[in-house]
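Dumped query.txt below, it's compact mmCIF, C-alpha atoms and all ligand atoms:
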# COMPACT_ATOMS: atom_id res chain seq x y z
CA MET E 1 25.40 3.21 1.18
CA CYS E 2 24.87 3.97 -2.52
CA GLU E 3 22.86 0.75 -2.91
CA LEU E 4 20.55 1.91 -0.11
CA LEU E 5 19.91 5.22 -1.87
CA VAL E 6 19.20 3.53 -5.20
CA GLY E 7 16.70 1.25 -3.48
CA LEU E 8 17.02 -1.81 -5.74
CA PRO E 9 17.63 -5.32 -4.37
CA ASP E 10 20.89 -7.19 -5.10
CA VAL E 11 22.62 -4.60 -7.24
CA ASN E 12 26.05 -3.04 -7.16
CA VAL E 13 26.25 0.66 -7.93
CA LEU E 14 29.18 1.06 -10.31
CA ALA E 15 29.07 4.85 -10.77
CA VAL E 16 26.87 7.92 -10.66
CA ASP E 17 27.35 10.34 -13.55
CA ASP E 18 26.25 13.89 -12.92
CA VAL E 19 26.54 15.95 -16.10
CA ALA E 20 25.01 19.42 -16.01
CA GLY E 21 21.90 19.69 -18.11
CA GLN E 22 21.63 15.90 -18.47
CA PRO E 23 19.58 13.41 -16.43
CA LEU E 24 21.36 11.90 -13.45
CA GLU E 25 22.78 8.55 -14.60
CA ILE E 26 23.20 5.66 -12.16
CA ARG E 27 25.21 2.70 -13.41
CA ILE E 28 24.43 -0.65 -11.86
CA GLU E 29 24.94 -4.36 -12.28
CA THR E 30 23.17 -7.28 -10.65
CA ARG E 31 24.78 -9.19 -7.78
CA THR E 32 23.67 -12.69 -8.71
CA PRO E 33 25.85 -15.83 -8.76
CA ARG E 34 27.07 -17.22 -12.06
CA PRO E 35 24.29 -19.37 -13.54
CA CYS E 36 24.46 -22.84 -14.98
CA CYS E 37 23.29 -23.80 -18.46
CA GLU E 38 19.72 -25.01 -18.30
CA ASP E 39 20.37 -27.71 -20.88
CA CYS E 40 23.61 -29.32 -19.73
CA GLY E 41 24.25 -27.85 -16.26
CA VAL E 42 27.73 -26.52 -17.04
CA LEU E 43 28.69 -23.20 -15.41
CA ALA E 44 28.11 -20.40 -17.89
CA THR E 45 30.76 -17.90 -18.95
CA VAL E 46 30.37 -14.22 -19.71
CA LYS E 47 29.94 -13.51 -23.41
CA ASP E 48 29.21 -9.78 -23.34
CA ARG E 49 28.28 -6.87 -21.04
CA PRO E 50 25.68 -4.79 -22.93
CA HIS E 51 24.34 -1.55 -21.49
CA VAL E 52 20.62 -0.92 -21.22
CA VAL E 53 19.50 2.60 -20.33
CA LEU E 54 16.14 2.78 -18.55
CA VAL E 55 14.11 5.81 -17.52
CA ASP E 56 13.82 5.77 -13.73
CA LEU E 57 11.94 7.75 -11.09
CA PRO E 58 13.24 11.30 -10.52
CA ALA E 59 15.99 11.52 -7.88
CA PHE E 60 16.49 14.69 -5.85
CA GLY E 61 14.17 16.56 -8.17
CA ARG E 62 16.05 15.58 -11.33
CA PRO E 63 15.19 13.18 -14.14
CA THR E 64 17.18 9.97 -13.72
CA ARG E 65 18.44 7.19 -15.95
CA LEU E 66 19.38 3.74 -14.75
CA CYS E 67 22.24 2.38 -16.84
CA TRP E 68 22.09 -1.37 -16.34
CA ARG E 69 25.23 -3.24 -17.30
CA LYS E 70 23.76 -6.62 -18.07
CA PHE E 71 25.40 -10.03 -18.23
CA ARG E 72 25.10 -11.99 -21.45
CA TRP E 73 26.00 -15.59 -20.71
CA ARG E 74 26.95 -18.47 -22.93
CA CYS E 75 27.35 -22.17 -22.46
CA PRO E 76 31.04 -23.24 -22.86
CA ASN E 77 30.04 -26.82 -23.66
CA ARG E 78 30.69 -27.19 -27.39
CA VAL E 79 28.30 -30.11 -27.81
CA CYS E 80 25.46 -28.20 -26.11
CA GLY E 81 23.13 -26.21 -28.33
CA ALA E 82 21.97 -23.72 -25.66
CA GLY E 83 23.98 -20.84 -27.16
CA SER E 84 23.80 -17.57 -25.24
CA TRP E 85 21.21 -15.73 -23.19
CA THR E 86 20.84 -12.40 -21.41
CA GLU E 87 19.97 -12.07 -17.74
CA HIS E 88 16.49 -10.95 -16.66
CA ALA E 89 15.63 -9.06 -13.50
CA PRO E 90 11.93 -8.05 -13.42
CA THR E 91 12.50 -6.12 -10.18
CA ILE E 92 14.69 -3.73 -12.21
CA GLY E 93 12.93 -3.69 -15.57
CA TRP E 94 10.96 -5.82 -18.00
CA PRO E 95 12.30 -6.79 -21.44
CA ARG E 96 11.40 -4.45 -24.31
CA LEU E 97 10.30 -1.64 -21.98
CA ALA E 98 12.33 1.55 -21.77
CA MET E 99 11.49 2.21 -18.12
CA THR E 100 12.32 0.56 -14.84
CA ASP E 101 9.64 -1.53 -13.16
CA ARG E 102 9.07 0.98 -10.34
CA ALA E 103 8.90 3.93 -12.77
CA GLY E 104 6.42 1.99 -14.93
CA ARG E 105 4.12 1.40 -11.96
CA TRP E 106 4.42 5.03 -10.95
CA VAL E 107 3.56 6.49 -14.38
CA THR E 108 0.62 4.08 -14.72
CA ALA E 109 -0.78 5.33 -11.40
CA GLN E 110 -0.15 8.96 -12.37
CA VAL E 111 -2.01 8.61 -15.68
CA GLY E 112 -4.65 6.08 -14.69
CA ARG E 113 -5.48 7.07 -11.13
CA SER E 114 -4.46 10.73 -10.84
CA GLY E 115 -5.62 11.66 -14.33
CA ARG E 116 -2.38 13.39 -15.38
CA THR E 117 -1.65 13.67 -19.08
CA ILE E 118 1.01 11.49 -20.66
CA ASN E 119 2.85 14.55 -21.85
CA GLU E 120 2.93 16.03 -18.35
CA VAL E 121 4.47 12.89 -16.89
CA ALA E 122 6.91 12.65 -19.81
CA VAL E 123 8.18 16.17 -19.10
CA GLU E 124 8.66 15.37 -15.42
CA LEU E 125 10.72 12.25 -16.20
CA GLY E 126 12.62 13.96 -19.01
CA THR E 127 11.53 11.48 -21.67
CA ASP E 128 9.22 11.38 -24.69
CA TRP E 129 5.48 10.79 -25.07
CA HIS E 130 5.80 7.35 -26.68
CA THR E 131 7.90 5.91 -23.88
CA ILE E 132 5.27 6.83 -21.30
CA ASN E 133 2.38 5.72 -23.52
CA ASP E 134 3.95 2.30 -24.23
CA THR E 135 4.63 1.80 -20.53
CA VAL E 136 1.10 2.74 -19.46
CA HIS E 137 -0.24 0.29 -22.06
CA ALA E 138 2.04 -2.51 -20.84
CA PHE E 139 1.26 -2.02 -17.14
CA GLY E 140 -2.38 -0.95 -17.54
CA ALA E 141 -3.65 -3.71 -19.86
CA PRO E 142 -3.48 -6.49 -17.19
CA LEU E 143 -5.33 -4.21 -14.75
CA ILE E 144 -8.13 -3.59 -17.25
CA ASP E 145 -8.34 -7.28 -18.21
CA ASP E 146 -8.59 -8.39 -14.58
CA PRO E 147 -12.00 -10.16 -14.33
CA ASN E 148 -12.38 -9.00 -10.71
CA ARG E 149 -11.92 -5.33 -11.59
CA ILE E 150 -15.66 -4.67 -11.87
CA GLY E 151 -17.63 -5.64 -8.79
CA GLN E 152 -21.39 -5.60 -8.44
CA VAL E 153 -22.84 -2.24 -9.49
CA HIS E 154 -26.19 -0.97 -8.23
CA SER E 155 -26.36 2.35 -10.10
CA LEU E 156 -25.05 2.29 -13.66
CA GLY E 157 -24.63 5.39 -15.81
CA LEU E 158 -23.97 5.98 -19.52
CA ASP E 159 -22.72 9.22 -21.01
CA GLU E 160 -21.22 10.28 -24.32
CA THR E 161 -17.72 11.74 -24.53
CA LEU E 162 -16.09 13.49 -27.49
CA PHE E 163 -12.95 11.37 -27.67
CA PHE E 164 -11.03 13.13 -30.44
CA ARG E 165 -11.35 14.82 -33.82
CA ARG E 166 -9.83 13.12 -36.81
CA GLY E 167 -8.78 13.86 -40.33
CA ARG E 168 -8.78 16.91 -42.51
CA TRP E 169 -12.35 17.84 -41.62
CA LYS E 170 -11.88 17.20 -37.89
CA ARG E 171 -14.59 14.59 -37.83
CA GLN E 172 -15.78 13.89 -34.34
CA ARG E 173 -15.18 10.48 -32.82
CA TRP E 174 -17.38 9.72 -29.83
CA ALA E 175 -17.08 7.23 -27.03
CA THR E 176 -19.49 6.08 -24.35
CA SER E 177 -18.41 6.18 -20.72
CA ILE E 178 -19.82 3.42 -18.53
CA VAL E 179 -19.84 4.63 -14.94
CA ASP E 180 -20.64 3.27 -11.49
CA VAL E 181 -22.74 6.24 -10.40
CA GLY E 182 -22.89 5.13 -6.77
CA ASP E 183 -19.10 5.13 -6.29
CA GLY E 184 -18.32 7.63 -9.02
CA HIS E 185 -15.95 5.20 -10.81
CA LEU E 186 -15.40 5.00 -14.52
CA LEU E 187 -15.82 1.29 -15.31
CA ASP E 188 -15.03 1.27 -19.01
CA MET E 189 -15.31 3.13 -22.30
CA VAL E 190 -16.66 1.73 -25.56
CA PRO E 191 -16.42 3.27 -29.05
CA GLY E 192 -19.34 5.23 -30.47
CA ARG E 193 -22.44 6.65 -28.89
CA ASN E 194 -25.01 4.22 -30.21
CA ALA E 195 -26.65 1.33 -28.40
CA ALA E 196 -24.55 -1.49 -29.86
CA GLY E 197 -21.33 -0.89 -27.86
CA PRO E 198 -22.90 -0.57 -24.38
CA CYS E 199 -25.28 -3.50 -25.10
CA ALA E 200 -22.35 -5.76 -26.02
CA TRP E 201 -20.42 -4.63 -22.94
CA LEU E 202 -23.38 -5.32 -20.64
CA ALA E 203 -24.03 -8.69 -22.28
CA ARG E 204 -20.50 -9.79 -21.37
CA ARG E 205 -21.15 -9.13 -17.67
CA GLY E 206 -23.75 -11.89 -17.32
CA GLN E 207 -27.36 -11.97 -16.18
CA ASP E 208 -26.63 -12.09 -12.43
CA TRP E 209 -24.62 -8.89 -12.68
CA LEU E 210 -27.35 -7.20 -14.72
CA ASP E 211 -30.00 -8.25 -12.21
CA GLY E 212 -28.11 -6.35 -9.48
CA ILE E 213 -28.55 -2.98 -11.23
CA GLU E 214 -31.32 -1.01 -9.53
CA TYR E 215 -30.84 2.42 -11.13
CA ALA E 216 -29.80 3.34 -14.65
CA ALA E 217 -28.64 6.92 -15.23
CA LEU E 218 -28.68 8.43 -18.71
CA ASP E 219 -28.81 11.75 -20.53
CA LEU E 220 -32.25 11.24 -22.15
CA SER E 221 -30.73 10.20 -25.48
CA GLY E 222 -32.59 7.54 -27.46
CA PRO E 223 -29.72 5.04 -27.88
CA TYR E 224 -28.92 4.92 -24.16
CA ARG E 225 -32.59 4.55 -23.30
CA LYS E 226 -32.67 1.63 -25.73
CA VAL E 227 -29.64 0.08 -23.99
CA PHE E 228 -31.36 0.12 -20.60
CA ASP E 229 -34.73 -0.94 -22.02
CA THR E 230 -33.07 -3.94 -23.64
CA MET E 231 -30.49 -5.00 -21.08
CA VAL E 232 -31.86 -3.92 -17.69
CA PRO E 233 -35.61 -3.41 -18.21
CA ASP E 234 -36.38 -3.59 -14.49
CA ALA E 235 -33.95 -0.84 -13.45
CA VAL E 236 -35.37 2.58 -12.59
CA GLN E 237 -34.13 5.02 -15.19
CA VAL E 238 -32.93 8.34 -13.83
CA ALA E 239 -31.51 11.48 -15.43
CA ASP E 240 -29.36 14.38 -14.40
CA PRO E 241 -31.63 17.42 -13.71
CA PHE E 242 -29.56 19.36 -16.21
CA HIS E 243 -30.72 17.14 -19.05
CA VAL E 244 -34.33 17.12 -17.85
CA GLN E 245 -34.29 20.90 -17.49
CA LYS E 246 -32.72 21.33 -20.90
CA LEU E 247 -35.43 19.22 -22.49
CA ALA E 248 -38.16 21.04 -20.54
CA ASN E 249 -36.81 24.44 -21.62
CA GLN E 250 -36.63 23.27 -25.21
CA LYS E 251 -40.28 22.20 -25.17
CA LEU E 252 -41.38 25.41 -23.45
CA ASP E 253 -39.63 27.32 -26.21
CA GLU E 254 -41.48 25.32 -28.83
CA VAL E 255 -44.81 26.23 -27.18
CA ARG E 256 -43.79 29.89 -27.14
CA ARG E 257 -42.85 29.90 -30.81
CA ARG E 258 -46.02 28.08 -31.83
CA VAL E 259 -48.24 30.54 -29.94
CA GLN E 260 -46.20 33.39 -31.45
CA ASN E 261 -46.94 32.12 -34.95
CA GLN E 262 -50.62 31.53 -34.23
CA THR E 263 -51.26 34.97 -32.70
CA CYS E 264 -49.01 37.16 -34.86
CA GLY E 265 -48.68 35.10 -38.04
CA HIS E 266 -44.90 35.42 -38.13
CA ARG E 267 -41.74 34.53 -36.21
CA GLY E 268 -40.80 36.55 -33.16
CA ARG E 269 -39.64 40.09 -33.74
CA LYS E 270 -37.89 42.28 -31.25
CA ASP E 271 -41.06 44.15 -30.20
CA ASP E 272 -43.30 41.07 -29.90
CA PRO E 273 -44.23 40.34 -26.25
CA LEU E 274 -43.47 36.62 -26.44
CA TYR E 275 -40.11 37.29 -28.05
CA ARG E 276 -39.22 39.83 -25.40
CA CYS E 277 -40.00 37.43 -22.56
CA ARG E 278 -38.07 34.44 -23.96
CA ARG E 279 -35.20 34.81 -21.46
CA LEU E 280 -37.46 35.46 -18.48
CA LEU E 281 -39.27 32.19 -19.28
CA THR E 282 -36.08 30.23 -18.59
CA LYS E 283 -36.17 31.32 -14.94
CA ALA E 284 -38.27 29.66 -12.26
CA ASP E 285 -40.84 31.84 -10.51
CA GLU E 286 -38.85 31.94 -7.25
CA ARG E 287 -35.76 33.22 -9.07
CA LEU E 288 -37.58 36.26 -10.48
CA ASP E 289 -37.58 39.54 -8.57
CA ASP E 290 -40.71 41.68 -8.40
CA ALA E 291 -39.76 43.74 -11.45
CA GLY E 292 -38.98 40.64 -13.50
CA ARG E 293 -42.19 38.90 -12.49
CA THR E 294 -44.31 41.98 -13.26
CA LYS E 295 -42.63 42.32 -16.65
CA LEU E 296 -43.05 38.63 -17.49
CA LEU E 297 -46.73 38.53 -16.49
CA GLY E 298 -47.41 41.73 -18.45
CA LEU E 299 -45.74 40.35 -21.59
CA LEU E 300 -47.59 37.04 -21.26
CA GLU E 301 -50.87 38.94 -20.79
CA ALA E 302 -50.18 40.79 -24.03
CA GLY E 303 -48.85 37.92 -26.16
CA ASP E 304 -50.44 34.78 -24.75
CA PRO E 305 -54.25 35.23 -24.94
CA HIS E 306 -55.12 31.64 -24.05
CA GLY E 307 -52.50 31.22 -21.30
CA GLU E 308 -50.70 28.32 -23.03
CA VAL E 309 -47.17 29.66 -22.60
CA ARG E 310 -47.88 30.60 -19.01
CA THR E 311 -49.18 27.11 -18.22
CA ALA E 312 -46.20 25.51 -19.91
CA TRP E 313 -43.93 27.78 -17.85
CA HIS E 314 -45.62 26.65 -14.64
CA ALA E 315 -45.40 23.01 -15.72
CA ASN E 316 -41.70 23.38 -16.48
CA TYR E 317 -40.24 23.76 -12.99
CA PRO E 318 -42.39 21.44 -10.91
CA ALA E 319 -41.23 18.86 -13.42
CA LEU E 320 -38.03 18.62 -11.44
CA GLY E 321 -39.04 16.34 -8.60
CA GLY E 322 -36.87 14.95 -5.77
CA GLY E 323 -33.87 12.67 -6.09
CA VAL E 324 -33.89 8.92 -5.94
CA LYS E 325 -33.03 7.18 -2.71
CA GLY E 326 -29.63 5.54 -2.97
CA VAL E 327 -28.57 7.66 -5.90
CA SER E 328 -26.84 11.01 -5.81
CA ASP E 329 -29.11 14.03 -5.31
CA ARG E 330 -27.81 15.28 -8.61
CA PHE E 331 -30.13 12.84 -10.33
CA VAL E 332 -33.85 12.92 -10.75
CA SER E 333 -36.03 9.99 -11.73
CA PHE E 334 -38.45 10.00 -14.61
CA ARG E 335 -41.13 9.17 -12.08
CA GLY E 336 -40.52 12.51 -10.35
CA VAL E 337 -40.85 14.24 -13.67
CA GLY E 338 -43.99 12.28 -14.43
CA GLY E 339 -45.62 13.50 -11.22
CA GLY E 340 -44.91 17.11 -12.04
CA VAL E 341 -46.25 17.08 -15.54
CA GLY E 342 -48.97 14.55 -14.86
CA GLY E 343 -50.53 17.04 -12.45
CA CYS E 344 -51.15 19.39 -15.34
CA ARG E 345 -52.54 16.78 -17.68
CA GLY E 346 -56.15 17.42 -16.91
CA HIS E 347 -55.83 21.01 -18.05
CA GLY E 348 -57.22 21.20 -21.57
CA ARG E 349 -54.69 23.71 -22.80
CA VAL E 350 -51.78 21.67 -21.48
CA GLY E 351 -52.75 18.64 -23.48
CA ARG E 352 -49.66 19.39 -25.51
CA LEU E 353 -47.46 18.71 -22.50
CA ARG E 354 -48.23 15.13 -21.97
CA ARG E 355 -46.81 11.99 -20.57
CA ALA E 356 -45.82 9.78 -23.46
CA SER E 357 -45.86 6.33 -21.94
CA HIS E 358 -45.97 4.44 -18.71
CA VAL E 359 -44.51 0.97 -18.69
CA GLY E 360 -44.24 -1.07 -15.50
CA ARG E 361 -41.92 0.59 -12.99
CA ARG E 362 -40.67 3.06 -15.57
CA ARG E 363 -42.34 6.24 -16.64
CA PHE E 364 -41.00 8.26 -19.50
CA VAL E 365 -42.04 11.79 -19.93
CA GLY E 366 -42.31 13.28 -23.34
CA LEU E 367 -42.62 17.01 -22.88
CA ARG E 368 -43.92 17.01 -26.39
CA CYS E 369 -45.48 19.91 -28.27
CA ARG E 370 -48.03 19.12 -30.92
ZN ZN V 401 24.81 -26.02 -22.10
Re-express the file's structure as structure tokens.
Amino acid sequence: MCELLVGLPDVNVLAVDDVAGQPLEIRIETRTPRPCCEDCGVLATVKDRPHVVLVDLPAFGRPTRLCWRKFRWRCPNRVCGAGSWTEHAPTIGWPRLAMTDRAGRWVTAQVGRSGRTINEVAVELGTDWHTINDTVHAFGAPLIDDPNRIGQVHSLGLDETLFFRRGRWKRQRWATSIVDVGDGHLLDMVPGRNAAGPCAWLARRGQDWLDGIEYAALDLSGPYRKVFDTMVPDAVQVADPFHVQKLANQKLDEVRRRVQNQTCGHRGRKDDPLYRCRRLLTKADERLDDAGRTKLLGLLEAGDPHGEVRTAWHANYPALGGGVKGVSDRFVSFRGVGGGVGGCRGHGRVGRLRRASHVGRRRFVGLRCR
């Protein structure tokens, strides 16, 4: 009955120790026949019975330890040089790991798939951080190294992640996340946020795999654009509307500050019309109520004699075109942006908002102020 509850094959349960305030301890031994020496074939004799304590899955809501009373065998043949050896049972636990096999698989899934922190899992199992970390490394490394882990990807995304801060001055260490945007899976992470790491990672995938990428999602940063230009030049580059909008707002602000300097001869002060309307300019026309719209138009009338800021404001929001078929609606292609701004290009005063380049299937928009 006890063996059924413990759930391990071919073991005898020797005892269950229940000490208040301590993890539940289950003592077991394997139920295997006496082995023969591999060198001479003589039946082995028991040399020692060492105890190995392994962290196991929680039982009945309590942290549990599996106390495995192992067999250490020796060859009785005096002319044989086999010496002694200790039994192995991978179904119970692997050598040099402090957890049982089933607990190791469970913590790896908790950390890797469910996204729980190592410390959180360590508290639940009543053990320390290093035990969980070592186990996740041991069980997770073969999964990461599996060549079939990454299938064909049609929409690839790159994004920077602040990995940790290091040293006395808390220097930032960045990493680049490589993501299958279509399925929302994190494929891998490489150190740094420059082009070298992602380029090397993509180069290892092979040309056939690269040819299957139709869309490349990025955050408008130069290094990631270089990665896609170099490695997948035929993929349509797309960006999250947040990044496009952030860039558009930044350029609109530059137009506002330039006009402010040209008309008033100084930086914005609290009573200057263009300074007062800086927050209203970050809203699209449809998000303004009547009072806000009247105020914004009045301030622009007073501070923007040639209508440059107003035109830039109008060019800002149409810049966000539709999504790309096959890619999440959260993304917008550069081509959509190009259509929005390109429509304003003919306007003499909007010459400062211009399309920077147009290469093959890709169009990059530089909402650039000169
Ligand atoms: Zn022997």
**Message:** What's around segment 211-220 of chain E at 8 Å? Count all atoms listed in the file, leave out sequence neighbours fewer than 3 positions away in its own chain, and write the answer as a list in words.
**Reply:**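 That gives Gln152, Val153, His154, Ser155, Leu156, Gly157, Leu158, Asp159, Val181, Gln207, Asp208, Tyr224, Arg225, Phe228, Val232, Asp234, Ala235, Val236, Gln237, Val238, Ala239, Asp240, His243, Val244, Val327 and Phe331 of chain E.
Note that atom CA of Leu300 of chain E and atom CA of Leu280 of chain E are 10.6 Å apart.
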**Request:** Collect all residues with atoms no farther than 9 Å from ligand ZN 401 (chain V), counting only C-alpha atoms and all ligand atoms, and output them as a ChimeraX atom specification.
**Result:** /E:36-44,74-83
C-alpha atoms of the current selection, written as a PDB file, in the frame of the given file:
ATOM      1  CA  CYS E  36      24.460 -22.840 -14.980  1.00  0.00           C
ATOM      2  CA  CYS E  37      23.290 -23.800 -18.460  1.00  0.00           C
ATOM      3  CA  GLU E  38      19.720 -25.010 -18.300  1.00  0.00           C
ATOM      4  CA  ASP E  39      20.370 -27.710 -20.880  1.00  0.00           C
ATOM      5  CA  CYS E  40      23.610 -29.320 -19.730  1.00  0.00           C
ATOM      6  CA  GLY E  41      24.250 -27.850 -16.260  1.00  0.00           C
ATOM      7  CA  VAL E  42      27.730 -26.520 -17.040  1.00  0.00           C
ATOM      8  CA  LEU E  43      28.690 -23.200 -15.410  1.00  0.00           C
ATOM      9  CA  ALA E  44      28.110 -20.400 -17.890  1.00  0.00           C
ATOM     10  CA  ARG E  74      26.950 -18.470 -22.930  1.00  0.00           C
ATOM     11  CA  CYS E  75      27.350 -22.170 -22.460  1.00  0.00           C
ATOM     12  CA  PRO E  76      31.040 -23.240 -22.860  1.00  0.00           C
ATOM     13  CA  ASN E  77      30.040 -26.820 -23.660  1.00  0.00           C
ATOM     14  CA  ARG E  78      30.690 -27.190 -27.390  1.00  0.00           C
ATOM     15  CA  VAL E  79      28.300 -30.110 -27.810  1.00  0.00           C
ATOM     16  CA  CYS E  80      25.460 -28.200 -26.110  1.00  0.00           C
ATOM     17  CA  GLY E  81      23.130 -26.210 -28.330  1.00  0.00           C
ATOM     18  CA  ALA E  82      21.970 -23.720 -25.660  1.00  0.00           C
ATOM     19  CA  GLY E  83      23.980 -20.840 -27.160  1.00  0.00           C
TER      20      GLY E  83
END
**Asked** For Asp10 of chain E, which residue out of E:Phe71, E:Leu57, E:Ile92, E:Pro142 is the nearest one, using all atoms listed in the file?
**Response**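 The shortest atom-to-atom distance to Asp10 of chain E comes from E:Ile92.
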**Complete:** Taken to one decimal, the atom CA of Asp188 of chain E-atom CA of Met231 of chain E distance is 16.8 Å
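We find atom CA of Arg149 of chain E and atom CA of Asp56 of chain E to be spaced 28.1 Å apart.
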**Request:** Name the residues in contact with Gly197 of chain E at a cut-off of 10 Å, using all atoms listed in the file, excluding same-chain residues fewer than 6 positions from it; report them as a PyMOL selection string.
**Result:** chain E and resi 175-176+189-191+203+227
**Prompt:** Which neighbours of Trp106 of chain E fall inside 12 Å, counting all atoms listed in the file, when residues of the same chain fewer than 2 positions from it are skipped, and could you give them as a PyMOL selection string?
**Reply:** chain E and resi 55-58+99-104+108-114+116+121-122+125+132+135-136+139-140
**Item:** Residue nearest Leu66 of chain E - candidates E:Thr117, E:Trp85, E:Val11, E:Val123, atoms counted: all atoms listed in the file
**Value:**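 Going through E:Thr117, E:Trp85, E:Val11, E:Val123 one by one, the smallest distance to Leu66 of chain E is for E:Val11.
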**Item:** Nearest to Arg105 of chain E, chosen from E:Leu288, E:Ala138, E:Val259, E:Leu247, with all atoms listed in the file counted in the distances
**Value:**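 Ranked by minimum distance to Arg105 of chain E, first place goes to E:Ala138.
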**Message:** Taking all atoms listed in the file into account, name the residue in E:His130, E:Arg31, E:Arg69, E:Arg269 that is nearest to Leu97 of chain E.
**Reply:**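 Going through E:His130, E:Arg31, E:Arg69, E:Arg269 one by one, the smallest distance to Leu97 of chain E is for E:His130.
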**Message:** Restricting the calculation to all atoms listed in the file: of E:Leu14, E:Gly265, E:Arg27, E:Lys251, which residue gets closest to Thr282 of chain E?
**Reply:**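 The closest residue to Thr282 of chain E is E:Lys251.
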